[in-house]
$ cat start29.cif   # mmCIF, C-alpha atoms
data_my_file
loop_
_atom_site.label_atom_id
_atom_site.label_comp_id
_atom_site.auth_asym_id
_atom_site.auth_seq_id
_atom_site.Cartn_x
_atom_site.Cartn_y
_atom_site.Cartn_z
CA MET A 55 0.00 0.00 0.00
CA MET A 56 2.80 2.38 0.99
CA ARG A 57 4.63 1.60 -2.21
CA ARG A 58 1.61 2.41 -4.29
CA HIS A 59 1.43 5.81 -2.61
CA ILE A 60 5.04 6.50 -3.37
CA GLU A 61 4.54 5.51 -6.99
CA ILE A 62 1.63 7.85 -7.38
CA GLY A 63 3.57 10.58 -5.66
CA CYS A 64 6.44 10.12 -8.08
CA LEU A 65 4.08 10.27 -11.01
CA PHE A 66 2.62 13.56 -9.85
CA LEU A 67 6.07 14.95 -9.23
CA LEU A 68 7.08 14.04 -12.78
CA LEU A 69 3.96 15.56 -14.28
CA GLY A 70 4.45 18.68 -12.26
CA ALA A 71 8.06 18.93 -13.32
CA CYS A 72 7.14 18.61 -16.99
CA GLN A 73 4.60 21.35 -16.64
CA GLU A 74 7.18 23.64 -15.15
CA ILE A 75 9.68 23.06 -17.93
CA LYS A 76 7.04 23.86 -20.50
CA THR A 77 5.94 27.14 -18.99
CA ASN A 78 9.45 28.42 -18.36
CA PHE A 79 10.55 27.63 -21.89
CA GLU A 80 11.73 30.77 -23.63
CA LEU A 81 11.00 31.26 -27.31
CA PRO A 82 14.06 31.17 -29.56
CA ILE A 83 15.24 34.16 -31.54
CA LEU A 84 15.18 33.03 -35.16
CA GLY A 85 17.30 34.11 -38.09
CA ARG A 86 20.96 34.35 -38.82
CA THR A 87 22.93 36.75 -36.64
CA GLU A 88 25.22 39.08 -38.47
CA ILE A 89 28.79 39.56 -37.35
CA VAL A 90 30.18 43.01 -37.93
CA THR A 91 33.60 44.44 -37.23
CA LYS A 92 33.68 47.94 -35.86
CA GLU A 93 36.20 50.25 -34.33
CA VAL A 94 35.78 51.26 -30.72
CA ASN A 95 38.42 53.56 -29.25
CA GLY A 96 40.88 52.61 -31.95
CA ILE A 97 40.45 48.88 -31.40
CA LEU A 98 38.69 46.64 -33.93
CA ILE A 99 36.05 44.55 -32.21
CA LYS A 100 33.54 42.03 -33.49
CA ASP A 101 29.92 42.43 -32.65
CA THR A 102 26.94 40.18 -33.38
CA ILE A 103 23.72 41.74 -34.55
CA PRO A 104 20.63 39.57 -34.25
CA HIS A 105 18.29 39.19 -37.20
CA ARG A 106 15.60 41.89 -37.16
CA ILE A 107 12.70 42.94 -39.39
CA ALA A 108 13.99 45.63 -41.74
CA ASP A 109 12.42 49.09 -42.01
CA PHE A 110 9.25 49.08 -44.07
CA SER A 111 6.55 51.45 -45.21
CA PHE A 112 3.27 50.23 -46.68
CA ILE A 113 -0.30 51.47 -47.12
CA ASN A 114 -3.13 49.83 -45.20
CA GLN A 115 -6.82 49.24 -45.99
CA ASP A 116 -7.69 52.73 -44.73
CA SER A 117 -4.99 54.41 -46.88
CA ALA A 118 -2.86 55.06 -43.80
CA VAL A 119 0.89 54.62 -43.87
CA ILE A 120 2.02 51.60 -41.85
CA THR A 121 5.64 51.36 -40.74
CA ASN A 122 7.57 49.56 -38.02
CA ALA A 123 6.52 52.42 -35.76
CA SER A 124 2.90 51.29 -36.12
CA PHE A 125 3.88 48.17 -34.19
CA LYS A 126 5.99 49.92 -31.59
CA ASP A 127 5.64 48.21 -28.20
CA LYS A 128 3.54 45.53 -29.86
CA ILE A 129 3.94 41.87 -30.56
CA TYR A 130 2.61 41.10 -34.00
CA VAL A 131 1.82 38.22 -36.30
CA ALA A 132 2.74 38.68 -39.97
CA ASP A 133 1.65 36.72 -43.02
CA PHE A 134 1.58 36.96 -46.81
CA PHE A 135 -1.56 36.37 -48.86
CA PHE A 136 -3.62 37.60 -51.79
CA ILE A 137 -7.35 38.10 -52.04
CA ASN A 138 -8.19 35.83 -54.95
CA CYS A 139 -6.01 32.99 -53.79
CA PRO A 140 -7.88 29.77 -54.38
CA SER A 141 -5.65 27.42 -52.41
CA ILE A 142 -4.39 28.08 -48.89
CA CYS A 143 -5.39 31.69 -48.17
CA PRO A 144 -9.01 31.02 -47.20
CA GLU A 145 -7.79 28.66 -44.49
CA MET A 146 -5.07 31.13 -43.46
CA SER A 147 -7.66 33.90 -43.09
CA LYS A 148 -9.86 31.61 -41.07
CA GLN A 149 -6.99 30.68 -38.77
CA LEU A 150 -5.68 34.23 -38.37
CA TYR A 151 -9.23 35.32 -37.60
CA ARG A 152 -9.08 32.98 -34.59
CA VAL A 153 -6.01 34.87 -33.38
CA TYR A 154 -7.81 38.17 -34.04
CA GLU A 155 -10.79 37.13 -31.94
CA LYS A 156 -8.71 35.77 -29.11
CA PHE A 157 -6.58 38.90 -28.72
CA LEU A 158 -9.17 41.47 -29.77
CA GLU A 159 -9.08 43.25 -26.42
CA ASN A 160 -5.32 43.12 -26.02
CA GLU A 161 -3.70 46.27 -27.37
CA ASN A 162 -0.25 44.73 -27.22
CA ILE A 163 -1.04 42.39 -30.09
CA GLY A 164 -1.34 43.30 -33.77
CA LEU A 165 -1.78 41.42 -37.04
CA LEU A 166 -0.11 42.36 -40.32
CA SER A 167 -1.18 40.76 -43.61
CA HIS A 168 0.83 41.68 -46.70
CA THR A 169 -0.66 41.17 -50.13
CA ILE A 170 1.70 39.64 -52.66
CA ASP A 171 -0.58 40.72 -55.50
CA PRO A 172 -0.51 44.53 -55.08
CA SER A 173 -1.62 45.21 -58.65
CA TYR A 174 -4.99 43.61 -57.93
CA ASP A 175 -5.18 44.05 -54.16
CA THR A 176 -5.50 47.81 -54.06
CA VAL A 177 -6.40 49.78 -50.95
CA ALA A 178 -10.08 49.59 -51.95
CA ALA A 179 -9.91 45.85 -52.50
CA LEU A 180 -8.21 45.33 -49.13
CA ALA A 181 -10.78 47.55 -47.41
CA ASN A 182 -13.52 45.44 -48.96
CA TYR A 183 -11.80 42.24 -47.86
CA ALA A 184 -11.46 43.50 -44.28
CA ARG A 185 -15.11 44.54 -44.31
CA LEU A 186 -16.28 41.11 -45.51
CA LEU A 187 -14.09 39.44 -42.92
CA GLY A 188 -15.47 41.84 -40.32
CA VAL A 189 -12.14 43.09 -38.97
CA SER A 190 -10.60 46.53 -38.66
CA SER A 191 -7.41 48.51 -38.28
CA PRO A 192 -5.30 48.96 -36.18
CA LYS A 193 -5.81 45.46 -34.80
CA TRP A 194 -5.50 43.83 -38.20
CA GLU A 195 -3.59 45.75 -40.88
CA PHE A 196 -3.89 44.64 -44.49
CA VAL A 197 -1.09 46.27 -46.40
CA THR A 198 -0.18 46.84 -50.01
CA GLY A 199 2.70 48.75 -51.52
CA ASP A 200 5.64 48.44 -53.84
CA LYS A 201 5.73 44.86 -55.08
CA ASP A 202 9.51 44.51 -54.90
CA GLN A 203 9.56 45.89 -51.39
CA ILE A 204 6.91 43.39 -50.26
CA TYR A 205 8.69 40.43 -51.85
CA ASP A 206 12.01 41.62 -50.52
CA ILE A 207 10.87 42.00 -46.92
CA GLY A 208 9.12 38.64 -47.16
CA GLU A 209 12.26 36.89 -48.20
CA THR A 210 14.95 38.71 -46.25
CA SER A 211 13.16 39.76 -43.06
CA TYR A 212 10.36 37.25 -42.52
CA MET A 213 12.21 34.42 -44.29
CA VAL A 214 9.21 33.16 -46.25
CA VAL A 215 8.70 32.39 -49.92
CA ALA A 216 6.62 34.76 -52.02
CA ASN A 217 6.87 34.91 -55.79
CA GLU A 218 4.88 35.12 -58.95
CA ASP A 219 4.54 31.77 -60.66
CA GLU A 220 2.12 31.25 -63.50
CA ASN A 221 1.95 27.52 -62.81
CA ALA A 222 0.79 27.92 -59.22
CA PRO A 223 -2.92 28.13 -58.39
CA GLY A 224 -3.93 31.78 -58.68
CA GLY A 225 -0.59 32.76 -60.25
CA PHE A 226 1.49 33.11 -57.10
CA ILE A 227 3.56 30.72 -55.08
CA HIS A 228 3.80 31.59 -51.43
CA SER A 229 4.20 30.16 -47.99
CA GLY A 230 1.30 29.83 -45.59
CA ALA A 231 3.46 30.72 -42.62
CA PHE A 232 2.50 32.96 -39.71
CA LEU A 233 5.48 34.75 -38.17
CA LEU A 234 5.54 35.84 -34.56
CA ILE A 235 7.47 39.10 -34.16
CA ASP A 236 8.43 40.53 -30.78
CA LYS A 237 8.76 44.15 -29.63
CA GLU A 238 12.43 44.18 -30.66
CA ARG A 239 11.43 43.32 -34.26
CA GLN A 240 12.85 39.84 -33.89
CA VAL A 241 11.26 36.65 -35.29
CA ARG A 242 10.29 34.39 -32.39
CA GLY A 243 8.28 31.68 -34.11
CA VAL A 244 7.13 30.27 -37.45
CA TYR A 245 3.78 28.45 -37.69
CA ASP A 246 1.87 26.81 -40.51
CA GLY A 247 -1.15 29.06 -40.93
CA THR A 248 -3.20 26.33 -42.55
CA ILE A 249 -3.10 23.94 -39.59
CA ALA A 250 -5.33 24.61 -36.58
CA SER A 251 -3.01 22.91 -34.06
CA GLN A 252 -0.09 25.07 -35.23
CA VAL A 253 -2.19 28.17 -34.69
CA ASP A 254 -3.14 26.87 -31.21
CA LEU A 255 0.58 26.77 -30.51
CA LEU A 256 1.02 30.28 -31.91
CA MET A 257 -1.62 31.61 -29.51
CA LYS A 258 0.10 29.87 -26.59
CA ASP A 259 3.44 31.33 -27.69
CA ILE A 260 1.93 34.81 -27.92
CA ASN A 261 0.88 34.51 -24.27
CA ARG A 262 4.30 33.20 -23.37
CA LEU A 263 5.98 36.10 -25.13
CA LEU A 264 3.61 38.58 -23.50
CA SER A 265 4.39 37.27 -20.05
CA SER A 266 8.12 37.53 -20.73
CA TYR A 267 7.64 41.31 -20.99
CA GLU A 268 5.76 41.46 -17.72
CA GLN A 269 8.64 40.07 -15.69
CA MET B 195 -14.69 -10.22 -7.33
CA SER B 196 -17.92 -8.27 -7.26
CA ASN B 197 -15.90 -5.15 -7.93
CA ASN B 198 -14.51 -6.65 -11.09
CA ARG B 199 -17.97 -7.66 -12.22
CA LEU B 200 -19.27 -4.20 -11.67
CA PHE B 201 -16.38 -2.83 -13.68
CA LEU B 202 -17.03 -5.30 -16.50
CA PHE B 203 -20.67 -4.36 -16.52
CA PHE B 204 -19.81 -0.70 -16.74
CA PHE B 205 -17.34 -1.31 -19.50
CA LEU B 206 -19.85 -3.28 -21.56
CA PHE B 207 -22.48 -0.66 -20.93
CA LEU B 208 -20.14 2.05 -22.22
CA VAL B 209 -19.15 0.10 -25.33
CA LEU B 210 -22.75 -0.75 -26.14
CA SER B 211 -23.99 2.75 -25.60
CA CYS B 212 -21.29 4.04 -27.92
CA ASN B 213 -22.40 1.63 -30.60
CA SER B 214 -26.02 2.46 -30.34
CA TYR B 215 -25.28 6.15 -30.80
CA GLN B 216 -25.96 7.07 -34.37
CA LYS B 217 -24.78 10.29 -35.93
CA PRO B 218 -27.49 12.04 -37.87
CA ALA B 219 -27.00 11.34 -41.58
CA GLU B 220 -25.09 14.11 -43.25
CA SER B 221 -26.61 13.60 -46.66
CA HIS B 222 -30.28 13.07 -47.23
CA LEU B 223 -31.74 10.52 -49.62
CA PRO B 224 -35.43 10.69 -50.58
CA LYS B 225 -37.42 7.62 -49.53
CA ASN B 226 -39.73 6.78 -52.41
CA LEU B 227 -37.11 5.83 -55.00
CA ASP B 228 -36.75 2.58 -56.91
CA GLU B 229 -33.56 0.56 -56.39
CA ALA B 230 -31.79 1.76 -59.56
CA SER B 231 -32.39 5.46 -58.87
CA LYS B 232 -31.42 5.01 -55.26
CA MET B 233 -28.12 3.45 -56.35
CA LYS B 234 -27.37 6.26 -58.78
CA TYR B 235 -28.34 8.87 -56.21
CA ALA B 236 -26.04 7.31 -53.62
CA GLN B 237 -23.17 7.17 -56.11
CA TYR B 238 -23.58 10.85 -56.92
CA LEU B 239 -23.59 11.71 -53.23
CA ILE B 240 -20.39 9.76 -52.58
CA GLN B 241 -18.53 11.07 -55.62
CA GLY B 242 -19.92 14.53 -55.00
CA LYS B 243 -18.57 14.53 -51.47
CA ILE B 244 -15.09 13.57 -52.66
CA LEU B 245 -15.12 16.26 -55.33
CA TYR B 246 -16.56 18.83 -52.94
CA ASN B 247 -13.84 18.12 -50.41
CA THR B 248 -11.10 18.67 -53.01
CA ASN B 249 -12.55 21.63 -54.88
CA CYS B 250 -14.86 23.56 -52.60
CA THR B 251 -13.94 23.17 -48.92
CA HIS B 252 -11.08 25.71 -48.95
CA CYS B 253 -13.69 28.44 -49.01
CA HIS B 254 -17.12 26.95 -48.32
CA GLN B 255 -15.83 24.61 -45.55
CA ASN B 256 -16.58 20.94 -44.94
CA SER B 257 -19.77 21.91 -43.18
CA GLY B 258 -21.04 24.06 -46.08
CA GLU B 259 -21.21 26.97 -43.65
CA GLY B 260 -18.83 29.21 -45.58
CA PHE B 261 -16.75 31.70 -43.61
CA ARG B 262 -17.81 35.16 -42.43
CA LYS B 263 -19.05 37.29 -45.34
CA LEU B 264 -16.07 36.31 -47.43
CA TYR B 265 -17.30 32.90 -48.53
CA PRO B 266 -21.06 32.40 -48.72
CA ALA B 267 -22.78 29.56 -46.87
CA LEU B 268 -24.33 26.82 -48.98
CA ILE B 269 -26.83 25.92 -46.27
CA GLY B 270 -30.32 27.31 -46.31
CA SER B 271 -29.71 29.57 -49.29
CA ALA B 272 -33.14 30.02 -50.89
CA ALA B 273 -31.67 31.25 -54.16
CA LEU B 274 -29.42 28.20 -54.40
CA MET B 275 -32.17 25.73 -53.50
CA ASP B 276 -34.63 27.32 -55.87
CA ASP B 277 -32.54 26.67 -58.96
CA MET B 278 -29.18 24.90 -59.07
CA GLY B 279 -28.60 25.99 -62.68
CA PRO B 280 -26.70 29.22 -61.90
CA ALA B 281 -24.59 27.29 -59.40
CA ALA B 282 -23.45 24.97 -62.20
CA CYS B 283 -22.27 28.04 -64.13
CA LEU B 284 -20.51 29.43 -61.05
CA ILE B 285 -18.60 26.20 -60.51
CA LYS B 286 -17.59 25.94 -64.15
CA TYR B 287 -16.87 29.57 -65.00
CA GLY B 288 -16.48 31.30 -61.64
CA THR B 289 -17.68 34.83 -61.00
CA GLN B 290 -16.96 37.24 -63.78
CA THR B 291 -16.12 40.61 -62.29
CA SER B 292 -14.12 43.51 -63.52
CA ARG B 293 -10.98 44.44 -61.65
CA LYS B 294 -12.32 47.90 -60.89
CA ALA B 295 -15.39 46.64 -59.08
CA SER B 296 -13.73 46.02 -55.77
CA ASN B 297 -16.77 46.66 -53.63
CA GLN B 298 -18.09 43.17 -54.13
CA ASN B 299 -17.62 39.69 -52.90
CA ILE B 300 -14.44 37.76 -53.42
CA VAL B 301 -14.05 36.32 -56.90
CA MET B 302 -14.97 32.65 -57.21
CA PRO B 303 -12.37 30.95 -59.41
CA ALA B 304 -13.40 29.12 -62.58
CA GLN B 305 -12.93 25.35 -62.53
CA THR B 306 -13.20 24.56 -66.21
CA GLU B 307 -11.51 21.19 -65.75
CA LEU B 308 -14.62 19.80 -64.05
CA SER B 309 -16.86 17.72 -66.32
CA ASN B 310 -20.64 18.01 -66.46
CA LEU B 311 -20.92 14.72 -64.57
CA GLU B 312 -18.58 15.97 -61.84
CA ILE B 313 -20.55 19.21 -61.50
CA ALA B 314 -23.80 17.21 -61.28
CA GLU B 315 -22.27 15.08 -58.53
CA ILE B 316 -21.06 18.13 -56.60
CA LEU B 317 -24.46 19.82 -56.91
CA THR B 318 -26.31 16.67 -55.88
CA TYR B 319 -24.07 16.48 -52.83
CA ILE B 320 -24.50 20.17 -51.93
CA GLY B 321 -28.23 20.07 -52.64
CA ASN B 322 -28.82 17.13 -50.33
CA SER B 323 -26.45 17.69 -47.44
CA TRP B 324 -26.46 19.64 -44.17
CA GLY B 325 -30.23 19.83 -44.25
CA ASN B 326 -30.52 20.94 -47.88
CA GLN B 327 -33.14 18.98 -49.83
CA SER B 328 -33.18 19.98 -53.45
CA GLY B 329 -33.31 16.53 -55.05
CA PHE B 330 -31.24 14.87 -57.70
CA ILE B 331 -29.26 17.05 -60.15
CA SER B 332 -28.77 15.24 -63.46
CA VAL B 333 -25.98 15.61 -65.98
CA SER B 334 -28.45 16.82 -68.58
CA LYS B 335 -29.69 19.54 -66.21
CA VAL B 336 -26.09 20.71 -65.75
CA ALA B 337 -25.43 20.58 -69.51
CA LYS B 338 -28.54 22.66 -70.19
CA SER B 339 -27.62 25.25 -67.52
CA LEU B 340 -24.11 25.60 -68.89
CA VAL B 341 -25.46 26.23 -72.39
CA ASP B 342 -27.86 28.79 -70.96
CA CYS B 343 -25.19 30.73 -69.09
CA ALA B 344 -22.75 30.58 -71.98
CA THR B 345 -25.27 32.25 -74.27
CA HIS B 346 -26.25 34.97 -71.82
#

$ encode --input "start29.cif" --output "structure tokens"
Amino acid sequence: MMRRHIEIGCLFLLLGACQEIKTNFELPILGRTEIVTKEVNGILIKDTIPHRIADFSFINQDSAVITNASFKDKIYVADFFFINCPSICPEMSKQLYRVYEKFLENENIGLLSHTIDPSYDTVAALANYARLLGVSSPKWEFVTGDKDQIYDIGETSYMVVANEDENAPGGFIHSGAFLLIDKERQVRGVYDGTIASQVDLLMKDINRLLSSYEQ
Amino acid sequence: MSNNRLFLFFFLFLVLSCNSYQKPAESHLPKNLDEASKMKYAQYLIQGKILYNTNCTHCHQNSGEGFRKLYPALIGSAALMDDMGPAACLIKYGTQTSRKASNQNIVMPAQTELSNLEIAEILTYIGNSWGNQSGFISVSKVAKSLVDCATH
């Protein structure tokens, strides 16, 4: 009888320990760090610069200019889509809408959807899309802008694929990833925006990241 | 001993009660059909479901509920139930909108690779699932609708 008690006790201890490891887990900082050599007081020293989201300037669904400053002191989720995308975007919108609903009241969280088809997805088209989806700025920014700038920031800052490809459904090939960006403009997580369980994880990670700022 | 029996009883009870639980049928099949029509109907429903799941669920969802105002629901739509003809045209040719008219719904893509039979199967599935009851949609009905919308 005593032994049984000890066994059960051990089991609980183990479970408890696992739980603790999980909650204390800190999200990684993703991306390649850059090593630069600079001169300080006449001595050459090497410094590492972590990967950060580059400066950007786009136009949102309300014709307002959206830059990095729009997400100052905010954690945000970024993705790349286009309105008439027949394949993965409907599911991505559905999943990101879950994130929108969950963090609607939290001003520290923002969403940023870039169109990769700016010639079709004009400000008016994006405004219409946001209206049909029933979401609004500044919580959820839909942005358009210079095509090269969008593709460039997608590839170099967010590390996702976005390109025109006439063989792909809808004429564009792109990743369905959601990127979690922290207040320091660093990438803290990559999630498949077409899979509900991945988006569950994203929402958990958002909370985890939020609580890391409260400490 | 009696404890074990009680446990066994409970276990059996659980298993049996699970078995006796029947999910409400997703697709509806009219009752007064002869065997041959019933067979054909059932085939359309099965094929239609497979085709629907590959070609339509991205937007209209497995449940036919659509999503927000972006993708219309296929359940309880009076216009859809009234006449499936326009729906055949929508599946085949998509929505034709000009690029300037942005204040409308999202464009439905054309799926010209679908045959008349496949469209009939999809429509039969949509028209008789999730509570919809619009009867059997034949290939000839689809063919006629497609001619009609091509000429208009």

$ closest_atom_pairs --input "start29.cif" --of "chain B" --to "chain A" --cutoff "7 Å" --atoms "all atoms listed in the file" --output "CSV"
residue,atom,partner,partner_atom,distance
B:His252,CA,A:Pro144,CA,6.0
B:Cys253,CA,A:Pro144,CA,5.6
B:Arg262,CA,A:Leu187,CA,5.7
B:Lys263,CA,A:Leu186,CA,4.7
B:Leu264,CA,A:Leu186,CA,5.2
B:Ser296,CA,A:Ala179,CA,5.0
B:Asn297,CA,A:Asn182,CA,5.8
B:Ile300,CA,A:Asn138,CA,6.7
B:Val301,CA,A:Asn138,CA,6.2
B:Pro303,CA,A:Pro140,CA,6.8

$ write_last_selection --input "start29.cif" --atoms "C-alpha atoms" --output "compact mmCIF listing (two decimals), keeping the file's coordinate frame"
# COMPACT_ATOMS: atom_id res chain seq x y z
CA HIS B 252 -11.08 25.71 -48.95
CA CYS B 253 -13.69 28.44 -49.01
CA ARG B 262 -17.81 35.16 -42.43
CA LYS B 263 -19.05 37.29 -45.34
CA LEU B 264 -16.07 36.31 -47.43
CA SER B 296 -13.73 46.02 -55.77
CA ASN B 297 -16.77 46.66 -53.63
CA ILE B 300 -14.44 37.76 -53.42
CA VAL B 301 -14.05 36.32 -56.90
CA PRO B 303 -12.37 30.95 -59.41

$ residues_around --input "start29.cif" --residues "segment 306-310 of chain B" --least-positions-apart "4" --cutoff "9 Å" --atoms "only C-alpha atoms" --output "ChimeraX atom specification"
/B:282,285-288,314-315,333-334,336-337,340

$ resolve_selection --input "start29.cif" --expression "the PyMOL selection byres ((chain A and resi 199-203) around 7)" --output "PyMOL selection string"
chain A and resi 112-113+172+197-198+204-207

$ resolve_selection --input "start29.cif" --expression "the PyMOL selection byres ((chain A and resi 162-167) around 7)" --output "NGL selection string"
:A and (127-135 or 157 or 160-161 or 168-169 or 193-197)

$ write_last_selection --input "start29.cif" --atoms "C-alpha atoms" --output "JSON list (two decimals), in the frame of the given file"
[["chain", "number", "residue", "atom", "x", "y", "z"],
["A", 127, "ASP", "CA", 5.64, 48.21, -28.20],
["A", 128, "LYS", "CA", 3.54, 45.53, -29.86],
["A", 129, "ILE", "CA", 3.94, 41.87, -30.56],
["A", 130, "TYR", "CA", 2.61, 41.10, -34.00],
["A", 131, "VAL", "CA", 1.82, 38.22, -36.30],
["A", 132, "ALA", "CA", 2.74, 38.68, -39.97],
["A", 133, "ASP", "CA", 1.65, 36.72, -43.02],
["A", 134, "PHE", "CA", 1.58, 36.96, -46.81],
["A", 135, "PHE", "CA", -1.56, 36.37, -48.86],
["A", 157, "PHE", "CA", -6.58, 38.90, -28.72],
["A", 160, "ASN", "CA", -5.32, 43.12, -26.02],
["A", 161, "GLU", "CA", -3.70, 46.27, -27.37],
["A", 168, "HIS", "CA", 0.83, 41.68, -46.70],
["A", 169, "THR", "CA", -0.66, 41.17, -50.13],
["A", 193, "LYS", "CA", -5.81, 45.46, -34.80],
["A", 194, "TRP", "CA", -5.50, 43.83, -38.20],
["A", 195, "GLU", "CA", -3.59, 45.75, -40.88],
["A", 196, "PHE", "CA", -3.89, 44.64, -44.49],
["A", 197, "VAL", "CA", -1.09, 46.27, -46.40]]

$ atom_distance --input "start29.cif" --atom1 "atom CA of Val153 of chain A" --atom2 "atom CA of Ser271 of chain B"
29.0 Å

$ atom_distance --input "start29.cif" --atom1 "atom CA of Leu81 of chain A" --atom2 "atom CA of Ile260 of chain A"
9.8 Å

$ closest_residue --input "start29.cif" --among "B:Gln290, B:Asn226, B:Thr251, B:Thr318" --to "Ser332 of chain B" --atoms "all atoms listed in the file"
B:Thr318

$ axis_aligned_box --input "start29.cif" --around "segment 166-173 of chain A" --padding-each-side "5 Å" --output "lines of an AutoDock Vina configuration file"
center_x = 0.0
center_y = 42.4
center_z = -49.5
size_x = 13.3
size_y = 15.6
size_z = 28.3

$ residues_around --input "start29.cif" --residues "His105 of chain A" --least-positions-apart "4" --cutoff "7 Å" --atoms "only C-alpha atoms" --output "MDAnalysis selection string"
chainID A and resid 85:87 240

$ decode --input "start29.cif" --residues "segment 228-245 of chain A" --atoms "N, CA and C atoms" --output "CSV table (one decimal), in the first residue's frame"
chain,number,residue,atom,x,y,z
A,228,HIS,N,3.4,30.9,-52.7
A,228,HIS,CA,3.8,31.6,-51.4
A,228,HIS,C,3.6,30.6,-50.3
A,229,SER,N,4.2,31.0,-49.2
A,229,SER,CA,4.2,30.2,-48.0
A,229,SER,C,3.0,30.5,-47.2
A,230,GLY,N,2.5,29.6,-46.4
A,230,GLY,CA,1.3,29.8,-45.6
A,230,GLY,C,1.7,30.1,-44.2
A,231,ALA,N,2.9,30.6,-44.0
A,231,ALA,CA,3.5,30.7,-42.6
A,231,ALA,C,2.9,32.0,-41.9
A,232,PHE,N,2.7,31.8,-40.6
A,232,PHE,CA,2.5,33.0,-39.7
A,232,PHE,C,3.8,33.2,-38.9
A,233,LEU,N,4.2,34.4,-38.9
A,233,LEU,CA,5.5,34.8,-38.2
A,233,LEU,C,5.2,35.5,-36.9
A,234,LEU,N,5.7,35.1,-35.8
A,234,LEU,CA,5.5,35.8,-34.6
A,234,LEU,C,6.7,36.8,-34.3
A,235,ILE,N,6.4,38.1,-34.3
A,235,ILE,CA,7.5,39.1,-34.2
A,235,ILE,C,7.4,39.8,-32.8
A,236,ASP,N,8.5,39.9,-32.1
A,236,ASP,CA,8.4,40.5,-30.8
A,236,ASP,C,8.6,42.1,-30.8
A,237,LYS,N,8.7,42.7,-29.7
A,237,LYS,CA,8.8,44.1,-29.6
A,237,LYS,C,10.1,44.7,-30.1
A,238,GLU,N,11.1,43.8,-30.2
A,238,GLU,CA,12.4,44.2,-30.7
A,238,GLU,C,12.6,43.9,-32.2
A,239,ARG,N,11.5,43.6,-32.8
A,239,ARG,CA,11.4,43.3,-34.3
A,239,ARG,C,12.2,42.0,-34.6
A,240,GLN,N,12.2,41.1,-33.6
A,240,GLN,CA,12.8,39.8,-33.9
A,240,GLN,C,11.8,38.7,-34.1
A,241,VAL,N,12.2,37.8,-35.0
A,241,VAL,CA,11.3,36.7,-35.3
A,241,VAL,C,11.4,35.6,-34.2
A,242,ARG,N,10.3,35.3,-33.5
A,242,ARG,CA,10.3,34.4,-32.4
A,242,ARG,C,9.6,33.1,-32.7
A,243,GLY,N,8.9,33.0,-33.8
A,243,GLY,CA,8.3,31.7,-34.1
A,243,GLY,C,7.7,31.7,-35.5
A,244,VAL,N,7.7,30.5,-36.1
A,244,VAL,CA,7.1,30.3,-37.5
A,244,VAL,C,6.1,29.2,-37.3
A,245,TYR,N,4.9,29.4,-37.9
A,245,TYR,CA,3.8,28.5,-37.7
A,245,TYR,C,3.1,28.3,-39.0
